[in-house]
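Coordinates as given in work-v1.cif (mmCIF, C-alpha atoms and all ligand atoms):
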data_query
#
loop_
_atom_site.group_PDB
_atom_site.id
_atom_site.type_symbol
_atom_site.label_atom_id
_atom_site.label_comp_id
_atom_site.auth_asym_id
_atom_site.auth_seq_id
_atom_site.Cartn_x
_atom_site.Cartn_y
_atom_site.Cartn_z
ATOM 1 C CA MET H 486 0.000 0.000 0.000
ATOM 2 C CA GLN H 487 1.346 3.382 -0.970
ATOM 3 C CA SER H 488 1.038 6.261 1.435
ATOM 4 C CA LEU H 489 1.066 9.840 0.305
ATOM 5 C CA ASP H 490 2.510 12.563 2.475
ATOM 6 C CA THR H 491 0.519 15.532 1.228
ATOM 7 C CA ASP H 492 2.003 17.848 3.879
ATOM 8 C CA ASN H 493 5.495 17.272 2.471
ATOM 9 C CA GLN H 494 4.231 17.800 -1.067
ATOM 10 C CA ASP H 495 2.620 21.101 -0.017
ATOM 11 C CA LEU H 496 5.850 22.166 1.706
ATOM 12 C CA GLU H 497 7.965 21.308 -1.334
ATOM 13 C CA GLN H 498 5.562 23.171 -3.605
ATOM 14 C CA LYS H 499 5.708 26.281 -1.378
ATOM 15 C CA GLU H 500 9.506 26.155 -1.323
ATOM 16 C CA THR H 501 9.672 26.162 -5.113
ATOM 17 C CA GLN H 502 6.806 28.586 -5.738
ATOM 18 C CA PRO H 503 7.894 32.122 -6.663
ATOM 19 C CA ALA H 504 7.474 34.620 -3.848
ATOM 20 C CA VAL H 505 7.773 38.361 -3.464
ATOM 21 C CA ASP H 506 9.128 40.143 -0.430
ATOM 22 C CA GLY H 507 6.377 41.820 1.578
ATOM 23 C CA GLY H 508 8.779 43.436 4.034
ATOM 24 C CA ARG H 509 9.120 42.936 7.755
ATOM 25 C CA VAL H 510 6.157 42.034 9.935
ATOM 26 C CA ASP H 511 7.003 44.934 12.257
ATOM 27 C CA ASP H 512 6.729 47.427 9.402
ATOM 28 C CA LEU H 513 3.037 46.763 8.632
ATOM 29 C CA ALA H 514 0.916 47.594 11.652
ATOM 30 C CA VAL H 515 -2.410 45.927 12.445
ATOM 31 C CA GLY H 516 -5.222 47.433 10.380
ATOM 32 C CA ASN H 517 -2.863 48.750 7.704
ATOM 33 C CA CYS H 518 -2.277 47.784 4.108
ATOM 34 C CA LYS H 519 0.369 48.484 1.534
ATOM 35 C CA THR H 520 1.179 48.068 -2.117
ATOM 36 C CA ILE H 521 3.694 45.552 -3.444
ATOM 37 C CA GLU H 522 4.853 46.332 -6.958
ATOM 38 C CA LEU H 523 5.536 43.434 -9.302
ATOM 39 C CA PRO H 524 7.154 43.371 -12.730
ATOM 40 C CA GLU H 525 5.082 44.377 -15.754
ATOM 41 C CA GLY H 526 2.943 46.866 -13.844
ATOM 42 C CA ARG H 527 1.203 44.301 -11.667
ATOM 43 C CA GLU H 528 0.552 45.177 -8.042
ATOM 44 C CA LEU H 529 -0.588 43.345 -4.944
ATOM 45 C CA ALA H 530 -2.234 44.724 -1.843
ATOM 46 C CA LEU H 531 -0.955 43.311 1.447
ATOM 47 C CA TYR H 532 -3.137 43.578 4.562
ATOM 48 C CA ASN H 533 -2.494 43.071 8.275
ATOM 49 C CA VAL H 534 -5.726 41.908 9.907
ATOM 50 C CA ASN H 535 -5.102 41.489 13.629
ATOM 51 C CA GLY H 536 -1.653 40.021 12.976
ATOM 52 C CA GLU H 537 -2.764 37.782 10.105
ATOM 53 C CA PHE H 538 -1.483 38.766 6.668
ATOM 54 C CA TYR H 539 -3.494 38.530 3.454
ATOM 55 C CA ALA H 540 -2.778 39.557 -0.112
ATOM 56 C CA THR H 541 -4.994 40.312 -3.081
ATOM 57 C CA GLU H 542 -4.544 41.917 -6.450
ATOM 58 C CA ASN H 543 -4.350 45.660 -5.898
ATOM 59 C CA PHE H 544 -6.568 47.069 -8.619
ATOM 60 C CA CYS H 545 -10.291 47.280 -7.932
ATOM 61 C CA PRO H 546 -12.278 45.449 -10.638
ATOM 62 C CA HIS H 547 -14.731 48.353 -10.814
ATOM 63 C CA LYS H 548 -12.578 51.218 -12.149
ATOM 64 C CA GLY H 549 -9.073 50.206 -11.143
ATOM 65 C CA ALA H 550 -8.487 52.100 -7.909
ATOM 66 C CA PRO H 551 -5.597 50.852 -5.768
ATOM 67 C CA LEU H 552 -7.199 48.853 -2.968
ATOM 68 C CA ALA H 553 -4.182 49.313 -0.688
ATOM 69 C CA ALA H 554 -5.225 52.964 -0.507
ATOM 70 C CA GLY H 555 -8.681 51.943 0.723
ATOM 71 C CA THR H 556 -10.015 51.535 4.239
ATOM 72 C CA LEU H 557 -9.374 48.232 6.014
ATOM 73 C CA CYS H 558 -11.861 47.267 8.713
ATOM 74 C CA ASP H 559 -11.306 43.762 10.090
ATOM 75 C CA HIS H 560 -11.321 41.471 7.025
ATOM 76 C CA THR H 561 -12.999 43.993 4.745
ATOM 77 C CA ILE H 562 -11.229 46.409 2.437
ATOM 78 C CA GLU H 563 -13.381 49.252 1.152
ATOM 79 C CA CYS H 564 -12.319 50.846 -2.108
ATOM 80 C CA ASP H 565 -11.737 54.564 -1.696
ATOM 81 C CA TRP H 566 -13.249 55.553 -5.029
ATOM 82 C CA HIS H 567 -16.824 54.198 -4.958
ATOM 83 C CA GLY H 568 -17.070 52.087 -1.822
ATOM 84 C CA TRP H 569 -17.083 48.532 -3.135
ATOM 85 C CA GLN H 570 -16.123 46.177 -0.319
ATOM 86 C CA PHE H 571 -14.094 42.957 -0.496
ATOM 87 C CA ASP H 572 -13.276 40.201 1.978
ATOM 88 C CA VAL H 573 -9.453 40.084 1.872
ATOM 89 C CA ARG H 574 -9.464 36.417 2.977
ATOM 90 C CA THR H 575 -11.395 35.161 -0.047
ATOM 91 C CA GLY H 576 -11.367 38.073 -2.497
ATOM 92 C CA GLU H 577 -15.160 37.944 -2.535
ATOM 93 C CA CYS H 578 -16.813 41.258 -3.310
ATOM 94 C CA LEU H 579 -19.490 42.083 -0.744
ATOM 95 C CA THR H 580 -21.083 44.748 -2.967
ATOM 96 C CA VAL H 581 -21.557 43.108 -6.380
ATOM 97 C CA PRO H 582 -20.832 39.646 -7.837
ATOM 98 C CA GLU H 583 -17.083 40.119 -8.413
ATOM 99 C CA LYS H 584 -13.969 38.531 -7.004
ATOM 100 C CA LEU H 585 -10.354 39.530 -6.476
ATOM 101 C CA GLU H 586 -7.413 37.226 -7.029
ATOM 102 C CA THR H 587 -5.950 36.236 -3.663
ATOM 103 C CA TYR H 588 -2.419 35.076 -2.831
ATOM 104 C CA GLU H 589 -1.031 32.913 -0.059
ATOM 105 C CA VAL H 590 1.120 34.730 2.473
ATOM 106 C CA VAL H 591 3.809 33.120 4.612
ATOM 107 C CA VAL H 592 5.897 34.631 7.394
ATOM 108 C CA GLU H 593 9.451 33.368 7.907
ATOM 109 C CA GLY H 594 11.800 34.880 10.463
ATOM 110 C CA GLY H 595 9.732 38.031 10.757
ATOM 111 C CA VAL H 596 9.649 38.561 6.993
ATOM 112 C CA ILE H 597 6.437 38.447 4.944
ATOM 113 C CA LYS H 598 6.451 36.579 1.651
ATOM 114 C CA VAL H 599 3.623 36.487 -0.844
ATOM 115 C CA LEU H 600 3.466 33.402 -3.053
ATOM 116 C CA ILE H 601 2.658 34.440 -6.602
HETATM 117 S S1 LIG B 1 -12.885 51.836 -8.412
HETATM 118 FE FE1 LIG B 1 -13.251 50.647 -6.646
HETATM 119 S S2 LIG B 1 -15.352 50.910 -6.226
HETATM 120 FE FE2 LIG B 1 -15.005 52.068 -8.054
#

I'd like the structure from this file rewritten - as structure tokens, please.
Ligand code: FES
Amino acid sequence: MQSLDTDNQDLEQKETQPAVDGGRVDDLAVGNCKTIELPEGRELALYNVNGEFYATENFCPHKGAPLAAGTLCDHTIECDWHGWQFDVRTGECLTVPEKLETYEVVVEGGVIKVLI
């Protein structure tokens, strides 16, 4: 009988998956968010929700406002331009049927990494 160690497979996949530096944990206070710039004009928004870090695409699907400039209240980011709200854990829009891309975030040695 063959046994599969899915935890090890997940770990190996995370170790080989590309990641971007999200900076130090201490530099993003609870309730704050910031922009992470990627190559080719892409951007991510990184959020600190009570010490848990989440990342989504940064541009609002409505008219393209940067969500990292919005207002974060618990798990909800509200876009500054027209008020659409999104759950940063799932990317689900709470205002209309839309969804943001979300990204896994890991913290290693006090440094935030976003798996892209
Ligand atoms: S651009 Fe975000 S709600 Fe309009």

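Using all atoms listed in the file, the nearest neighbour of ligand LIG 1 (chain B) within the list H:Glu500, H:Glu563, H:Glu522, H:Glu593 is H:Glu563.
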
Check which residues of chain H sit at most 8 Å from ligand LIG 1 (chain B) using only C-alpha atoms and all ligand atoms, and return one row each with the closest pair of atoms and their distance in Å to one decimal, ordered by chain and rising number, as JSON lines.
{"residue": "H:Phe544", "atom": "CA", "partner": "B:LIG1", "partner_atom": "FE1", "distance": 7.8}
{"residue": "H:Cys545", "atom": "CA", "partner": "B:LIG1", "partner_atom": "FE1", "distance": 4.7}
{"residue": "H:Pro546", "atom": "CA", "partner": "B:LIG1", "partner_atom": "FE1", "distance": 6.6}
{"residue": "H:His547", "atom": "CA", "partner": "B:LIG1", "partner_atom": "S1", "distance": 4.6}
{"residue": "H:Lys548", "atom": "CA", "partner": "B:LIG1", "partner_atom": "S1", "distance": 3.8}
{"residue": "H:Gly549", "atom": "CA", "partner": "B:LIG1", "partner_atom": "S1", "distance": 5.0}
{"residue": "H:Ala550", "atom": "CA", "partner": "B:LIG1", "partner_atom": "S1", "distance": 4.4}
{"residue": "H:Pro551", "atom": "CA", "partner": "B:LIG1", "partner_atom": "FE1", "distance": 7.7}
{"residue": "H:Leu552", "atom": "CA", "partner": "B:LIG1", "partner_atom": "FE1", "distance": 7.3}
{"residue": "H:Glu563", "atom": "CA", "partner": "B:LIG1", "partner_atom": "S2", "distance": 7.8}
{"residue": "H:Cys564", "atom": "CA", "partner": "B:LIG1", "partner_atom": "FE1", "distance": 4.6}
{"residue": "H:Asp565", "atom": "CA", "partner": "B:LIG1", "partner_atom": "FE1", "distance": 6.5}
{"residue": "H:Trp566", "atom": "CA", "partner": "B:LIG1", "partner_atom": "FE2", "distance": 4.9}
{"residue": "H:His567", "atom": "CA", "partner": "B:LIG1", "partner_atom": "S2", "distance": 3.8}
{"residue": "H:Gly568", "atom": "CA", "partner": "B:LIG1", "partner_atom": "S2", "distance": 4.9}
{"residue": "H:Trp569", "atom": "CA", "partner": "B:LIG1", "partner_atom": "S2", "distance": 4.3}
{"residue": "H:Gln570", "atom": "CA", "partner": "B:LIG1", "partner_atom": "S2", "distance": 7.6}

Between atom CA of Tyr539 of chain H and atom CA of Lys598 of chain H, distance in Å (one decimal): 10.3 Å

Surrounding residues of Asp506 of chain H excluding itself and chain neighbours under 4 positions, 10 Å, all atoms listed in the file, as a PyMOL selection string: chain H and resi 521-522+596-600

Spatial neighbours of Tyr532 of chain H, max dist 9 Å, all atoms listed in the file, sep filter under 3 positions, as a ChimeraX atom specification: /H:513,515-519,537-541,553,557,560,562,573

Distance criterion (all atoms listed in the file): nearest to Tyr588 of chain H out of H:Ala504, H:Val510, H:Leu523, H:Ala554: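 Between H:Ala504, H:Val510, H:Leu523, H:Ala554, the residue approaching Tyr588 of chain H most closely is H:Ala504.
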
Straight-line distance linking atom CA of Glu542 of chain H with atom CA of Ala530 of chain H, stated in Å to one decimal: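 Interatomic distance here is 5.9 Å.
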
Listed atoms of segment 511-529 of chain H boxed along x, y and z, 4 Å each side, centre and edge lengths in Å, one decimal, as lines of an AutoDock Vina configuration file:
center_x = 1.0
center_y = 46.0
center_z = -1.7
size_x = 20.4
size_y = 13.4
size_z = 36.2

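One distance worth recording is that between atom CA of Gly555 of chain H and atom CA of Cys578 of chain H, which is 14.0 Å.
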
Which residue of H:Asp511, H:Glu528, H:Asp559, H:Glu583 approaches Asn543 of chain H most closely, using only C-alpha atoms: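 Using only C-alpha atoms, Asn543 of chain H sits closest to H:Glu528.
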